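**Student:** Here's a structure for you.
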Amino acid sequence: MESSSMFGVRLSLKQRYFLLLCLVVGGIIVYRSTRSRPEVRRISRVDGLKANSSQFTLESKPFRIFGGSIHYFRVPRAYWEDRLLKLKACGLNTLTTYVPWNLHEPERGVFNFKDQLDLEAYLRLAARLGLWVILRPGPYICAEWDLGGLPSWLLRDKNMKLRTTYPGFSDAVNSFFNQLIKKVVPHQYSKGGPIIAVQVENEYGSYSKDKEYMPFIKEALTSRGITELLLTSDNKEGLKLGGVKGALETINLQKLNPNVVKYLDEIQPQKPKMVMEYWSGWFDLWGGLHHVFTAEEMTAVVTEILKLDMSINLYMFHGGTNFGFMNGAFAVGIPSPKPMVTSYDYDAPLSEAGDYTTKYLLLRNLFSHYHTQTLPDLPPAQEKRAYHSIVVRQHLSLWDILPFIDKPFKSEKPVNMENLPVNNNNGQSYGYTLYETIITSGGYLNAKNNIRDRALVFVDKHFVGVIDYKVQELALPDGKGKRTLGLLVENCGRVNYGNTLDEQRKGLVGDIELNKRPLRDFIIHSLDMKPGFVHRLESSIHWVSMRQRQTFPGFFQATLYISRYPKDTFIKLPGWSKGVVFINGRNLGRFWSIGPQQTLYIPGPWLNRGDNQVIIFEEQETDGKIQFASSPDYGMAVDVQ
């Protein structure tokens, strides 16, 4: 007491004013931080999301889900907050995301929840921003993602039955869920987190090969501590078979059919109705056109859904990018699979690079009518930059990089990618595989439909043609003595939807024949182009000048110098044919001149101020020039039918 009174006596008038000012400013800061604290933090956690009447309730009060899908694994982590703030500013209150098993468990028993895959950080961010979360943990997610998110090492078992209670699959699910669900449980609503609902599997009604499977997945969730509302999600045809007792059934659609709403009412009387996936656009396939769904038509359907007092989740709200080799493939109603493009722009309300669109602005206006408070201000748009063109300086032939990859494997018969003894005996998941064998004559090479998905064919390193689903035979030139036949086989992306999931092994999946005789005695090189390989490539001393004759396939290196703070940009390769782009060691994804996509997105946070190393794997041709643009080119557009 004495020291404080002594201190008070010694304060000058100026010091007293300063102290008073500090107290006032401090009070304002405390008040503002309390006032702007997300609603998530203020609610008492007694009664979570319930579906006991025709409307959802949260804390026993009517609650409407205005949701949007943004996948953390398709968006650079540096941009997570920007994208979620834009979701909230559009008038949405709920974030939905899938969980990709194949990224989180790339090898059996090896789990990754760090950096770009830090799901808990994503959930904490949603909570901090005042967003609820509907989590869709799979294990199958579809998502236009390789094998629907299932790890390719499952296919090492020749008897594997995916999405069933087959022990080889169910044991692997249990092992994954042991790791995943314990991370998710603390983020549930009942424990103070943002998760208000969890989806059981995904569109199982369209697969439905095992009636015990959905109860197994439900039990796998609840037995590990999932206590929030459970949901299932199916399209119109799948609703009859996709449900599980104790989970609310929801619908996936793009155009509203009154019969679907009526059917939901019939199977779930006096329950809330929700469109879990309202498809705001559509995906694109290599060799096709860019799909668009007009903003006016989309907004009209959303308006009708809201008028029916239904809850809604926009799939996608922001699509992002299939970075690396993670794109899926489409195989429904067509003779052979067609791979998805690298961009997952989806013609969504927020573009691939996080830009506002007409759809976004129309939706924001629509959702504003369902809020009593003014929506948050729009976060600023990200600046884009068209950097100056650069020229390739050095290159390396495919044949010269073989020493940088794992020791080749010898086998009498062909071995598919997944069963190669690489990656700690988990097989090869993605990329290319080079199969080499000795031939003593020319003649007709027949793939017997065993090349998955596409092969560049070489004789003594000279290119002779391409084999794919359309071209199954190729004439090989005559020659003297022993020659090396090489097949560089690409996994273009595993099918992610439909009844052929068990058949998605890649590489050479059976015999190929030369003059009706099966080829034998292969040397097999795994070229998965993982980060370790790219880093070894970057530091190689074997690069040769572009003045020397280029051989294909090959790797081509250039440097992009950026003098200021890096901005988002798009790489454009009009003088190239097909391959993969790496920037500072990161795999941006595939490019292919057949389109529709003609640019690849480069996020600014992945660039450096100063030198940036660009490495391009090109299969067949290049003019040596690399261009950049400030906006994307997704190719010729067609309306979604």
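By convention here, the chains of the structure tokens are called A, B, ... in the order presented, each chain's residues are numbered starting at 1, and ligands are numbered starting at 1 in the order presented.
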Please identify the alpha helix (DSSP H) residues within stretch 114-176 of chain A (assignment by DSSP from backbone atoms) and present them as a PyMOL selection string.
**Tutor:** chain A and resi 119-128+167-176
**Student:** Residues near A:Leu230, anyone? I mean within 7 Å using only C-alpha atoms, not counting same-chain ones fewer than 3 positions away, as a list of chain:residue names.
**Tutor:** A:Ala197, A:Val198, A:Gln199, A:Val200, A:Ala247, A:Leu248
**Student:** Would you put the residues from that selection into a file with C-alpha atoms, as a PDB file, in the first residue's frame?
**Tutor:**
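Dumped to out_2.pdb:
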```pdb
ATOM      1  CA  ALA A 197     -21.941 -32.989 -37.899  1.00  0.00           C
ATOM      2  CA  VAL A 198     -19.945 -35.885 -39.384  1.00  0.00           C
ATOM      3  CA  GLN A 199     -20.744 -37.705 -42.613  1.00  0.00           C
ATOM      4  CA  VAL A 200     -20.741 -41.514 -42.739  1.00  0.00           C
ATOM      5  CA  ALA A 247     -27.887 -41.000 -39.681  1.00  0.00           C
ATOM      6  CA  LEU A 248     -29.852 -38.276 -41.464  1.00  0.00           C
TER       7      LEU A 248
END
```
**Student:** Can you tell me which residues surround A:Glu513 at a distance of at most 7 Å, considering only C-alpha atoms, apart from same-chain residues fewer than 2 positions away, and format the answer as a list in words?
**Tutor:**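 After dropping sequence-adjacent residues, the list is Leu445, Asn446, Ala447, Asp511, Asn515, Lys516, Arg517, Pro518 and Leu519 of chain A.
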**Student:** Extract the full set of strand (DSSP E) residues from stretch 425-524 of chain A according to DSSP on the backbone, and format it as number ranges by chain.
**Tutor:** A: 432-439, 443-446, 451-452, 454-459, 462-467, 473-476, 483-490, 507-508, 513-514, 517-518, 522-524
**Student:** Considering only C-alpha atoms, state which residue in the set A:Ile196, A:Ile438, A:Ile334, A:Val495 is at the smallest distance from A:Arg483.
**Tutor:** A:Ile438
**Student:** I'd like the contact shell of A:Tyr204 - 12 Å cut-off, only C-alpha atoms, skipping same-chain residues fewer than 4 positions apart - returned as a PyMOL selection string.
**Tutor:** chain A and resi 138-142+162-164+199-200+208-215+217+232-244+249+497-499
**Student:** Please report, as a Markdown table, each residue of stretch 85-119 of chain A lying at most 10 Å from stretch 144-160 of chain A, together with the nearest pair of atoms and the separation in Å rounded to one decimal; use only C-alpha atoms, and order rows by chain and ascending residue number.
**Tutor:**
```
| residue | atom | partner | partner_atom | distance |
| --- | --- | --- | --- | --- |
| A:Tyr98 | CA | A:Gly149 | CA | 9.2 |
| A:Val99 | CA | A:Gly149 | CA | 7.9 |
| A:Pro100 | CA | A:Gly149 | CA | 4.8 |
| A:Trp101 | CA | A:Gly149 | CA | 5.5 |
| A:Asn102 | CA | A:Pro151 | CA | 4.1 |
| A:Leu103 | CA | A:Pro151 | CA | 7.7 |
| A:His104 | CA | A:Pro151 | CA | 9.1 |
| A:Glu105 | CA | A:Pro151 | CA | 7.2 |
| A:Pro106 | CA | A:Pro151 | CA | 6.6 |
| A:Glu107 | CA | A:Trp153 | CA | 7.1 |
| A:Arg108 | CA | A:Trp153 | CA | 7.3 |
```
**Student:** Using only C-alpha atoms, which protein or nucleic acid residues come within 9 Å of stretch 530-534 of chain A? Drop anything in the same chain fewer than 6 positions from it, and give the result as a list in words.
**Tutor:** Phe404, Ile405, Tyr430, Gly431, Phe582, Gly585, Arg586, Asn587 and Ile615 of chain A
**Student:** Grab the residues selected above and save them as a CSV table (one decimal), in the first residue's frame with all heavy atoms.
**Tutor:**
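So the final result, stored in again.csv, reads:
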```csv
chain,number,residue,atom,x,y,z
A,404,PHE,N,19.3,-41.4,-60.8
A,404,PHE,CA,18.8,-40.6,-59.7
A,404,PHE,C,17.6,-41.3,-59.0
A,404,PHE,O,17.1,-40.8,-58.0
A,404,PHE,CB,18.3,-39.2,-60.1
A,404,PHE,CG,19.4,-38.4,-60.7
A,404,PHE,CD1,19.3,-37.8,-61.9
A,404,PHE,CD2,20.6,-38.1,-60.0
A,404,PHE,CE1,20.3,-37.0,-62.5
A,404,PHE,CE2,21.6,-37.3,-60.5
A,404,PHE,CZ,21.5,-36.8,-61.8
A,405,ILE,N,17.1,-42.3,-59.6
A,405,ILE,CA,15.9,-43.0,-59.0
A,405,ILE,C,16.3,-44.3,-58.4
A,405,ILE,O,17.5,-44.7,-58.5
A,405,ILE,CB,14.8,-43.2,-60.1
A,405,ILE,CG1,15.3,-44.1,-61.2
A,405,ILE,CG2,14.4,-41.8,-60.6
A,405,ILE,CD1,14.2,-44.3,-62.3
A,430,TYR,N,1.9,-43.1,-57.9
A,430,TYR,CA,1.6,-42.1,-58.9
A,430,TYR,C,2.8,-42.0,-59.8
A,430,TYR,O,3.9,-42.4,-59.6
A,430,TYR,CB,1.3,-40.7,-58.2
A,430,TYR,CG,0.4,-40.9,-57.1
A,430,TYR,CD1,0.8,-40.7,-55.8
A,430,TYR,CD2,-1.0,-41.1,-57.3
A,430,TYR,CE1,0.0,-40.8,-54.7
A,430,TYR,CE2,-1.8,-41.3,-56.2
A,430,TYR,CZ,-1.4,-41.1,-54.9
A,430,TYR,OH,-2.2,-41.3,-53.9
A,431,GLY,N,2.6,-41.2,-60.9
A,431,GLY,CA,3.7,-40.9,-61.8
A,431,GLY,C,3.8,-41.9,-63.0
A,431,GLY,O,2.8,-42.4,-63.5
A,582,PHE,N,7.3,-28.5,-62.2
A,582,PHE,CA,7.7,-28.3,-60.8
A,582,PHE,C,8.3,-26.9,-60.6
A,582,PHE,O,9.0,-26.4,-61.4
A,582,PHE,CB,8.8,-29.3,-60.5
A,582,PHE,CG,8.5,-30.8,-60.7
A,582,PHE,CD1,8.6,-31.3,-61.9
A,582,PHE,CD2,7.9,-31.5,-59.7
A,582,PHE,CE1,8.3,-32.7,-62.2
A,582,PHE,CE2,7.6,-32.9,-59.9
A,582,PHE,CZ,7.8,-33.4,-61.1
A,585,GLY,N,10.7,-27.2,-56.5
A,585,GLY,CA,10.5,-28.5,-55.9
A,585,GLY,C,9.1,-29.0,-55.7
A,585,GLY,O,8.9,-30.2,-55.4
A,586,ARG,N,8.1,-28.1,-55.9
A,586,ARG,CA,6.7,-28.5,-55.7
A,586,ARG,C,6.1,-28.9,-57.1
A,586,ARG,O,6.3,-28.2,-58.1
A,586,ARG,CB,5.9,-27.3,-55.2
A,586,ARG,CG,6.2,-27.0,-53.7
A,586,ARG,CD,5.3,-25.8,-53.3
A,586,ARG,NE,5.6,-25.3,-52.0
A,586,ARG,CZ,5.0,-25.7,-50.9
A,586,ARG,NH1,4.1,-26.6,-50.9
A,586,ARG,NH2,5.4,-25.1,-49.7
A,587,ASN,N,5.3,-30.0,-57.1
A,587,ASN,CA,4.7,-30.5,-58.3
A,587,ASN,C,3.3,-29.7,-58.5
A,587,ASN,O,2.4,-29.9,-57.7
A,587,ASN,CB,4.4,-32.0,-58.1
A,587,ASN,CG,3.9,-32.6,-59.4
A,587,ASN,OD1,3.3,-32.0,-60.2
A,587,ASN,ND2,4.0,-33.9,-59.5
A,615,ILE,N,11.3,-26.6,-63.2
A,615,ILE,CA,11.7,-27.8,-63.9
A,615,ILE,C,10.5,-28.4,-64.6
A,615,ILE,O,9.4,-28.6,-63.9
A,615,ILE,CB,12.3,-28.9,-63.0
A,615,ILE,CG1,13.7,-28.4,-62.5
A,615,ILE,CG2,12.5,-30.2,-63.7
A,615,ILE,CD1,14.4,-29.3,-61.5
```
